[in-house]
Amino acid sequence: MSIITPAPAGYAIERVDPQTATGDVEAQVVALMQAIEHEEVPEDPIPPYEPMAAKFRMRSPFREMRWFGAFHGDRLVGGAALGIDKSGSNAHVRQVHVQVLPQHRRRGVGRALFATVVDEIGAGDGILLHAWTSTRIPAGPAFAERVGAEDALHMRCNQLDVATLDRELMARWARRDPPGFRLEWIGGDVPDRLMENVLTAHRTMNSMPREGLRVEDWRSTPEMIRDRERHRKASGREHRLLLAIDEASGGTASFTEINIEPRVPHVIWQGGTATVSEYRNKGLGKWVKGRMMLWILEELPEVRYIRTNNAGSNAPMLAINEQMGFRFVWDNVVYQMTLEQARAYLGR
């Protein structure tokens with residue numbers, strides 16, 4: 001680790017390399033991540049160690065992560081991550097994530113971490129900073145607004161209590177079986193024969209409302225999908241993807257996916273769900289959602305909650321989820337600001 005200055009009295013900001021960090025430092029980083037996540041979702045148990053440690057250690061040719069810690073004596077009390085996309089999509093965006101333990105907030109620690117990240121970015125024309133915040137932790141949005149960032153995308157976190165699910169409705173959706181379409185399940189690595197279908201599913205997610213976010217379409221490649229599979233297996237997480245295939249063309253018409261953390265069996269996260277534009281209004285979205293829900297009920301009986309994030313302006317998807325019984329629990333907001341605005345706030 002190397003010390004970076006300045007910092008508030010009694011604190012030091014240090015660069016932390018996940019590949020060379022000692023076991024004690026890694027444990028403190030994971031403890032910080034666990035504390036912040038538990039603050040956001042206090043009704044859940046403390047998240048397990050290994051998936052968070054795997055996330056911290058993650059290396060990818062498609063995404064560079066730089067990490068900085070705020071230490072009070074020898075104890076880690078805050079951290080900041082800088083994410084740089086190397087995939088060729090939205091090269092102007094820098095993901096910024098700042099976390100500080102509650103008892104060390106309002107002392108300038110977050111500002112010092114933010115300044116460190118901004119200095120690390122350096123200079124560059126057209127660079128945008130993006131930060132994901134939760135209204136469950138009011139300090140996050142307050143800090144983003146204080147530094148002059150704009151709330152660019154509102155994501156509603158909705159939750160389904162499986163005990164309240166209308167199972168007959170799901171059965172009706174699952175029985176739709178639209179003529180001319182078949183289903184393909186993927187429970188592990190994507191078979192080569194379905195790679196193009198999965199890429200189509202990923203591209204379809206670009207139709208999600210972006211509201212005020214100044215970004216271009218995100219592009220996926222087979223190599224990026226294999227990289228995600230590798231990281232998922234390394235962390236012990238699981239994934240299920242259901243594709244609706246047009247029998248005539250062999251192309252993807254609709255899809256839905258879920259993400260599973262086996263060590264936290266009471267909750268799963270709904271990932272993307274979308275229908276390719278030319279196949280909309282045929283009931284395909286309800287078909288795949290119904291089939292996926294019946295699979296969850298059969299194969300994951302311990303699941304109590306299903307959570308999902310949807311753009312607040314995505315009325316069609318919100319309507320489907322509300323019919324299923326999803327209800328609002330909190331807002332996530334993506335803030336953005338230019339590098340020039342960040343440097344001006346810091347007096348750089």
# chains A, B, ... in the order shown; residues from 1 in each chain; ligands from 1
$ residues_around --residues "Ala149 in chain A" --least-positions-apart "2" --cutoff "12 Å" --atoms "only C-alpha atoms" --output "PyMOL selection string"
chain A and resi 96+128-133+140-147+151-153+213+333-345
$ write_last_selection --atoms "N, CA and C atoms" --output "compact mmCIF listing (two decimals), in the first residue's frame"
# COMPACT_ATOMS: atom_id res chain seq x y z
N VAL A 96 -17.51 5.42 -10.02
CA VAL A 96 -16.93 5.85 -8.75
C VAL A 96 -17.81 5.34 -7.61
N LEU A 128 -17.09 11.34 -17.88
CA LEU A 128 -18.21 11.41 -16.95
C LEU A 128 -17.97 10.48 -15.78
N LEU A 129 -18.34 10.92 -14.59
CA LEU A 129 -18.29 10.09 -13.39
C LEU A 129 -19.70 9.61 -13.08
N HIS A 130 -19.86 8.31 -12.87
CA HIS A 130 -21.14 7.73 -12.48
C HIS A 130 -21.00 7.11 -11.09
N ALA A 131 -22.04 7.27 -10.28
CA ALA A 131 -22.04 6.68 -8.94
C ALA A 131 -23.43 6.15 -8.63
N TRP A 132 -23.52 4.93 -8.10
CA TRP A 132 -24.77 4.28 -7.75
C TRP A 132 -25.02 4.49 -6.26
N THR A 133 -26.19 4.99 -5.90
CA THR A 133 -26.51 5.24 -4.50
C THR A 133 -27.85 4.61 -4.15
N GLY A 140 -25.39 8.71 1.11
CA GLY A 140 -24.89 8.59 -0.26
C GLY A 140 -25.46 9.64 -1.19
N PRO A 141 -26.79 9.71 -1.34
CA PRO A 141 -27.35 10.78 -2.17
C PRO A 141 -26.99 12.18 -1.68
N ALA A 142 -26.92 12.37 -0.36
CA ALA A 142 -26.57 13.70 0.18
C ALA A 142 -25.16 14.09 -0.26
N PHE A 143 -24.23 13.13 -0.21
CA PHE A 143 -22.86 13.42 -0.63
C PHE A 143 -22.82 13.72 -2.12
N ALA A 144 -23.52 12.92 -2.94
CA ALA A 144 -23.52 13.14 -4.39
C ALA A 144 -24.05 14.53 -4.74
N GLU A 145 -25.11 14.94 -4.05
CA GLU A 145 -25.66 16.26 -4.33
C GLU A 145 -24.75 17.37 -3.83
N ARG A 146 -24.05 17.11 -2.73
CA ARG A 146 -23.15 18.11 -2.18
C ARG A 146 -21.99 18.40 -3.13
N VAL A 147 -21.51 17.37 -3.83
CA VAL A 147 -20.38 17.59 -4.75
C VAL A 147 -20.85 18.12 -6.10
N ASP A 151 -28.88 13.75 -10.43
CA ASP A 151 -29.53 12.45 -10.38
C ASP A 151 -30.03 12.13 -11.79
N ALA A 152 -29.34 11.18 -12.44
CA ALA A 152 -29.55 10.95 -13.87
C ALA A 152 -30.45 9.76 -14.17
N LEU A 153 -30.49 8.77 -13.29
CA LEU A 153 -31.32 7.59 -13.54
C LEU A 153 -31.87 7.08 -12.21
N LEU A 213 -29.04 9.63 -18.19
CA LEU A 213 -27.67 9.11 -18.33
C LEU A 213 -27.14 9.38 -19.73
N VAL A 333 -30.37 5.40 -7.09
CA VAL A 333 -30.21 6.52 -8.01
C VAL A 333 -28.78 6.52 -8.54
N VAL A 334 -28.65 6.64 -9.86
CA VAL A 334 -27.34 6.79 -10.48
C VAL A 334 -27.10 8.28 -10.69
N TYR A 335 -26.05 8.78 -10.07
CA TYR A 335 -25.67 10.19 -10.22
C TYR A 335 -24.55 10.29 -11.26
N GLN A 336 -24.50 11.42 -11.93
CA GLN A 336 -23.41 11.65 -12.87
C GLN A 336 -22.95 13.10 -12.79
N MET A 337 -21.68 13.30 -13.11
CA MET A 337 -21.11 14.63 -13.21
C MET A 337 -19.88 14.55 -14.12
N THR A 338 -19.52 15.66 -14.71
CA THR A 338 -18.33 15.68 -15.55
C THR A 338 -17.08 15.73 -14.68
N LEU A 339 -15.98 15.30 -15.24
CA LEU A 339 -14.71 15.38 -14.53
C LEU A 339 -14.39 16.84 -14.22
N GLU A 340 -14.72 17.73 -15.15
CA GLU A 340 -14.47 19.16 -14.92
C GLU A 340 -15.25 19.67 -13.72
N GLN A 341 -16.50 19.22 -13.58
CA GLN A 341 -17.30 19.64 -12.43
C GLN A 341 -16.70 19.12 -11.13
N ALA A 342 -16.23 17.88 -11.16
CA ALA A 342 -15.63 17.30 -9.96
C ALA A 342 -14.38 18.05 -9.57
N ARG A 343 -13.55 18.37 -10.55
CA ARG A 343 -12.30 19.09 -10.25
C ARG A 343 -12.61 20.51 -9.74
N ALA A 344 -13.64 21.13 -10.31
CA ALA A 344 -14.02 22.49 -9.84
C ALA A 344 -14.49 22.44 -8.39
N TYR A 345 -15.28 21.42 -8.03
CA TYR A 345 -15.75 21.30 -6.66
C TYR A 345 -14.58 21.14 -5.70
$ residues_around --residues "Met170 in chain A" --least-positions-apart "2" --cutoff "9 Å" --atoms "only C-alpha atoms" --output "short mmCIF file (atom, residue, chain, number, x, y, z; two decimals) with N, CA and C atoms, in the first residue's frame"
data_model
loop_
_atom_site.label_atom_id
_atom_site.label_comp_id
_atom_site.auth_asym_id
_atom_site.auth_seq_id
_atom_site.Cartn_x
_atom_site.Cartn_y
_atom_site.Cartn_z
N LEU A 165 -47.46 -14.73 -3.69
CA LEU A 165 -47.52 -14.93 -5.13
C LEU A 165 -48.82 -15.61 -5.55
N ASP A 166 -49.45 -15.10 -6.60
CA ASP A 166 -50.61 -15.73 -7.21
C ASP A 166 -50.11 -16.86 -8.11
N ARG A 167 -50.06 -18.05 -7.58
CA ARG A 167 -49.47 -19.17 -8.31
C ARG A 167 -50.33 -19.58 -9.50
N GLU A 168 -51.61 -19.41 -9.41
CA GLU A 168 -52.46 -19.75 -10.55
C GLU A 168 -52.21 -18.79 -11.70
N ARG A 172 -50.94 -19.79 -15.44
CA ARG A 172 -51.59 -19.38 -16.69
C ARG A 172 -50.58 -18.75 -17.64
N TRP A 173 -49.72 -17.91 -17.11
CA TRP A 173 -48.69 -17.32 -17.96
C TRP A 173 -47.78 -18.41 -18.54
N ALA A 174 -47.41 -19.37 -17.71
CA ALA A 174 -46.50 -20.43 -18.15
C ALA A 174 -47.13 -21.32 -19.21
N ARG A 175 -48.46 -21.42 -19.23
CA ARG A 175 -49.14 -22.29 -20.20
C ARG A 175 -49.39 -21.61 -21.53
N LYS A 286 -44.54 -12.40 -20.48
CA LYS A 286 -45.26 -13.11 -19.41
C LYS A 286 -44.98 -14.61 -19.47
N TRP A 287 -44.84 -15.15 -20.67
CA TRP A 287 -44.55 -16.58 -20.81
C TRP A 287 -43.25 -16.96 -20.12
N LYS A 289 -41.53 -15.20 -17.94
CA LYS A 289 -41.57 -14.88 -16.51
C LYS A 289 -42.34 -15.97 -15.75
N GLY A 290 -43.45 -16.42 -16.31
CA GLY A 290 -44.22 -17.47 -15.66
C GLY A 290 -43.45 -18.77 -15.56
N ARG A 291 -42.76 -19.16 -16.64
CA ARG A 291 -41.98 -20.39 -16.61
C ARG A 291 -40.83 -20.29 -15.61
N MET A 293 -40.76 -18.44 -12.93
CA MET A 293 -41.29 -18.45 -11.57
C MET A 293 -41.66 -19.86 -11.14
N LEU A 294 -42.23 -20.66 -12.02
CA LEU A 294 -42.55 -22.04 -11.67
C LEU A 294 -41.28 -22.82 -11.38
N MET A 324 -47.35 -9.42 -10.87
CA MET A 324 -46.78 -10.58 -10.19
C MET A 324 -46.79 -10.42 -8.67
#
$ closest_residue --among "A:Asp24, A:Glu302, A:Asp331, A:Glu229" --to "Pro191 in chain A" --atoms "only C-alpha atoms"
A:Glu229
$ atom_distance --atom1 "CA of Val77 in chain A" --atom2 "CA of Gly108 in chain A"
12.2 Å
$ atom_distance --atom1 "CA of Leu300 in chain A" --atom2 "CA of Arg263 in chain A"
12.4 Å
$ select_by_dssp --residues "range 210-342 of chain A" --states "helix (DSSP H, G or I)" --output "short mmCIF file (atom, residue, chain, number, x, y, z; two decimals) with C-alpha atoms, in the first residue's frame"
data_model
loop_
_atom_site.label_atom_id
_atom_site.label_comp_id
_atom_site.auth_asym_id
_atom_site.auth_seq_id
_atom_site.Cartn_x
_atom_site.Cartn_y
_atom_site.Cartn_z
CA PRO A 222 -18.46 -13.90 -26.44
CA GLU A 223 -15.20 -13.20 -24.63
CA MET A 224 -16.96 -10.89 -22.17
CA ILE A 225 -19.63 -13.50 -21.47
CA ARG A 226 -16.96 -16.15 -20.80
CA ASP A 227 -15.21 -13.70 -18.46
CA ARG A 228 -18.43 -13.18 -16.48
CA GLU A 229 -18.90 -16.94 -16.27
CA ARG A 230 -15.40 -17.33 -14.87
CA HIS A 231 -15.99 -14.71 -12.17
CA ARG A 232 -19.36 -16.13 -11.28
CA LYS A 233 -17.88 -19.59 -10.74
CA ALA A 234 -14.96 -18.16 -8.76
CA SER A 235 -17.38 -16.49 -6.33
CA SER A 277 -38.87 -5.10 -30.44
CA GLU A 278 -40.41 -7.02 -33.37
CA TYR A 279 -41.79 -9.70 -31.01
CA LEU A 284 -43.69 -13.64 -24.63
CA GLY A 285 -42.52 -11.65 -21.62
CA LYS A 286 -45.26 -13.11 -19.41
CA TRP A 287 -44.55 -16.58 -20.81
CA VAL A 288 -40.88 -16.58 -19.85
CA LYS A 289 -41.57 -14.88 -16.51
CA GLY A 290 -44.22 -17.47 -15.66
CA ARG A 291 -41.98 -20.39 -16.61
CA MET A 292 -39.08 -18.97 -14.61
CA MET A 293 -41.29 -18.45 -11.57
CA LEU A 294 -42.55 -22.04 -11.67
CA TRP A 295 -38.92 -23.21 -11.86
CA ILE A 296 -38.03 -21.11 -8.81
CA LEU A 297 -40.94 -22.53 -6.82
CA GLU A 298 -39.94 -26.07 -7.71
CA GLU A 299 -36.15 -25.87 -7.51
CA ALA A 315 -43.77 1.47 -17.31
CA PRO A 316 -44.28 -1.83 -19.23
CA MET A 317 -41.86 -3.81 -17.06
CA LEU A 318 -43.12 -2.21 -13.85
CA ALA A 319 -46.67 -3.16 -14.84
CA ILE A 320 -45.74 -6.83 -15.34
CA ASN A 321 -43.89 -6.92 -12.03
CA GLU A 322 -46.81 -5.30 -10.20
CA GLN A 323 -49.17 -7.96 -11.62
CA MET A 324 -46.78 -10.58 -10.19
CA LEU A 339 -14.71 15.38 -14.53
CA GLU A 340 -14.47 19.16 -14.92
CA GLN A 341 -17.30 19.64 -12.43
CA ALA A 342 -15.63 17.30 -9.96
#
$ closest_residue --among "A:Leu101, A:Ala274, A:Ala253, A:Ile245" --to "Glu37 in chain A" --atoms "only C-alpha atoms"
A:Leu101
$ residues_around --residues "range 241-244 of chain A" --least-positions-apart "2" --cutoff "7 Å" --atoms "only C-alpha atoms" --output "list in words"
Phe181, Arg182, Leu183, Glu184, Trp185, Ile186, Gly187, His239, Asp246, Thr252, Ala253, Ser254, Phe255, Thr256, Glu257, Ile258 and Val288 of chain A
$ write_last_selection --atoms "C-alpha atoms" --output "PDB file, in the first residue's frame"
ATOM      1  CA  PHE A 181     -41.543 -20.428 -30.321  1.00  0.00           C
ATOM      2  CA  ARG A 182     -39.557 -22.758 -28.072  1.00  0.00           C
ATOM      3  CA  LEU A 183     -37.743 -22.312 -24.777  1.00  0.00           C
ATOM      4  CA  GLU A 184     -34.037 -22.859 -24.076  1.00  0.00           C
ATOM      5  CA  TRP A 185     -32.716 -23.048 -20.500  1.00  0.00           C
ATOM      6  CA  ILE A 186     -29.118 -22.171 -19.619  1.00  0.00           C
ATOM      7  CA  GLY A 187     -28.012 -23.104 -16.130  1.00  0.00           C
ATOM      8  CA  HIS A 239     -27.255 -17.944 -12.811  1.00  0.00           C
ATOM      9  CA  ASP A 246     -38.254 -18.006 -32.791  1.00  0.00           C
ATOM     10  CA  THR A 252     -33.964 -14.724 -29.616  1.00  0.00           C
ATOM     11  CA  ALA A 253     -37.429 -13.272 -29.173  1.00  0.00           C
ATOM     12  CA  SER A 254     -37.533 -12.779 -25.387  1.00  0.00           C
ATOM     13  CA  PHE A 255     -35.607 -13.722 -22.256  1.00  0.00           C
ATOM     14  CA  THR A 256     -35.448 -13.534 -18.480  1.00  0.00           C
ATOM     15  CA  GLU A 257     -32.671 -14.332 -15.997  1.00  0.00           C
ATOM     16  CA  ILE A 258     -32.063 -14.682 -12.269  1.00  0.00           C
ATOM     17  CA  VAL A 288     -40.878 -16.583 -19.845  1.00  0.00           C
TER      18      VAL A 288
END
$ residues_around --residues "Pro6 in chain A" --least-positions-apart "6" --cutoff "10 Å" --atoms "only C-alpha atoms" --output "PyMOL selection string"
chain A and resi 12-13+112-113+115-116
$ residues_around --residues "Ala139 in chain A" --least-positions-apart "4" --cutoff "12 Å" --atoms "only C-alpha atoms" --output "number ranges by chain"
A: 36, 39-40, 98-106, 110, 133-135, 143-146
$ write_last_selection --atoms "N, CA and C atoms" --output "PDB file, in the first residue's frame"
ATOM      1  N   ILE A  36     -21.640  -1.958   4.949  1.00  0.00           N
ATOM      2  CA  ILE A  36     -22.429  -1.044   4.121  1.00  0.00           C
ATOM      3  C   ILE A  36     -23.637  -1.764   3.538  1.00  0.00           C
ATOM      4  N   GLU A  39     -26.181  -2.220   6.186  1.00  0.00           N
ATOM      5  CA  GLU A  39     -26.847  -0.954   6.477  1.00  0.00           C
ATOM      6  C   GLU A  39     -27.954  -0.704   5.452  1.00  0.00           C
ATOM      7  N   GLU A  40     -27.710  -1.078   4.209  1.00  0.00           N
ATOM      8  CA  GLU A  40     -28.699  -0.877   3.154  1.00  0.00           C
ATOM      9  C   GLU A  40     -29.878  -1.847   3.292  1.00  0.00           C
ATOM     10  N   VAL A  98     -17.838   5.318  -3.359  1.00  0.00           N
ATOM     11  CA  VAL A  98     -17.245   5.774  -2.104  1.00  0.00           C
ATOM     12  C   VAL A  98     -18.081   5.246  -0.943  1.00  0.00           C
ATOM     13  N   GLN A  99     -17.416   4.623   0.042  1.00  0.00           N
ATOM     14  CA  GLN A  99     -18.086   4.083   1.224  1.00  0.00           C
ATOM     15  C   GLN A  99     -17.345   4.527   2.476  1.00  0.00           C
ATOM     16  N   VAL A 100     -18.101   4.956   3.486  1.00  0.00           N
ATOM     17  CA  VAL A 100     -17.510   5.336   4.774  1.00  0.00           C
ATOM     18  C   VAL A 100     -18.419   4.787   5.869  1.00  0.00           C
ATOM     19  N   LEU A 101     -17.823   4.174   6.890  1.00  0.00           N
ATOM     20  CA  LEU A 101     -18.612   3.663   8.005  1.00  0.00           C
ATOM     21  C   LEU A 101     -19.353   4.810   8.701  1.00  0.00           C
ATOM     22  N   PRO A 102     -20.571   4.572   9.190  1.00  0.00           N
ATOM     23  CA  PRO A 102     -21.399   5.667   9.732  1.00  0.00           C
ATOM     24  C   PRO A 102     -20.703   6.515  10.783  1.00  0.00           C
ATOM     25  N   GLN A 103     -19.949   5.898  11.676  1.00  0.00           N
ATOM     26  CA  GLN A 103     -19.341   6.656  12.772  1.00  0.00           C
ATOM     27  C   GLN A 103     -18.189   7.554  12.313  1.00  0.00           C
ATOM     28  N   HIS A 104     -17.775   7.430  11.068  1.00  0.00           N
ATOM     29  CA  HIS A 104     -16.684   8.264  10.545  1.00  0.00           C
ATOM     30  C   HIS A 104     -17.162   9.230   9.455  1.00  0.00           C
ATOM     31  N   ARG A 105     -18.473   9.363   9.280  1.00  0.00           N
ATOM     32  CA  ARG A 105     -19.010  10.286   8.285  1.00  0.00           C
ATOM     33  C   ARG A 105     -19.013  11.713   8.819  1.00  0.00           C
ATOM     34  N   ARG A 106     -19.121  12.661   7.878  1.00  0.00           N
ATOM     35  CA  ARG A 106     -19.142  14.090   8.187  1.00  0.00           C
ATOM     36  C   ARG A 106     -17.848  14.558   8.836  1.00  0.00           C
ATOM     37  N   GLY A 110     -15.037  11.026   3.264  1.00  0.00           N
ATOM     38  CA  GLY A 110     -15.600  10.780   1.935  1.00  0.00           C
ATOM     39  C   GLY A 110     -15.053  11.744   0.903  1.00  0.00           C
ATOM     40  N   THR A 133     -26.193   4.994  -5.901  1.00  0.00           N
ATOM     41  CA  THR A 133     -26.507   5.239  -4.498  1.00  0.00           C
ATOM     42  C   THR A 133     -27.853   4.607  -4.146  1.00  0.00           C
ATOM     43  N   SER A 134     -28.076   4.424  -2.854  1.00  0.00           N
ATOM     44  CA  SER A 134     -29.337   3.878  -2.361  1.00  0.00           C
ATOM     45  C   SER A 134     -29.972   4.856  -1.390  1.00  0.00           C
ATOM     46  N   THR A 135     -31.281   5.044  -1.531  1.00  0.00           N
ATOM     47  CA  THR A 135     -31.967   5.926  -0.584  1.00  0.00           C
ATOM     48  C   THR A 135     -32.055   5.286   0.802  1.00  0.00           C
ATOM     49  N   PHE A 143     -24.230  13.128  -0.213  1.00  0.00           N
ATOM     50  CA  PHE A 143     -22.858  13.419  -0.630  1.00  0.00           C
ATOM     51  C   PHE A 143     -22.815  13.722  -2.120  1.00  0.00           C
ATOM     52  N   ALA A 144     -23.524  12.918  -2.937  1.00  0.00           N
ATOM     53  CA  ALA A 144     -23.522  13.139  -4.388  1.00  0.00           C
ATOM     54  C   ALA A 144     -24.048  14.527  -4.736  1.00  0.00           C
ATOM     55  N   GLU A 145     -25.107  14.945  -4.051  1.00  0.00           N
ATOM     56  CA  GLU A 145     -25.665  16.264  -4.329  1.00  0.00           C
ATOM     57  C   GLU A 145     -24.750  17.366  -3.828  1.00  0.00           C
ATOM     58  N   ARG A 146     -24.054  17.108  -2.726  1.00  0.00           N
ATOM     59  CA  ARG A 146     -23.147  18.110  -2.179  1.00  0.00           C
ATOM     60  C   ARG A 146     -21.989  18.398  -3.132  1.00  0.00           C
TER      61      ARG A 146
END
$ select_by_dssp --residues "range 299-346 of chain A" --states "strand (DSSP E)" --output "ChimeraX atom specification"
/A:305-311,327-338
$ closest_residue --among "A:Ala54, A:Leu76, A:Val276, A:Val329" --to "Asn197 in chain A" --atoms "only C-alpha atoms"
A:Val276
$ residues_around --residues "range 57-69 of chain A" --least-positions-apart "5" --cutoff "6 Å" --atoms "only C-alpha atoms" --output "list in words"
Ile13, Glu14, Arg15, Val16, Pro18, Gly78, Gly79, Ala80, Ala81, Leu82, Gly83, Ile84, Asp85, Lys86 and Ser87 of chain A
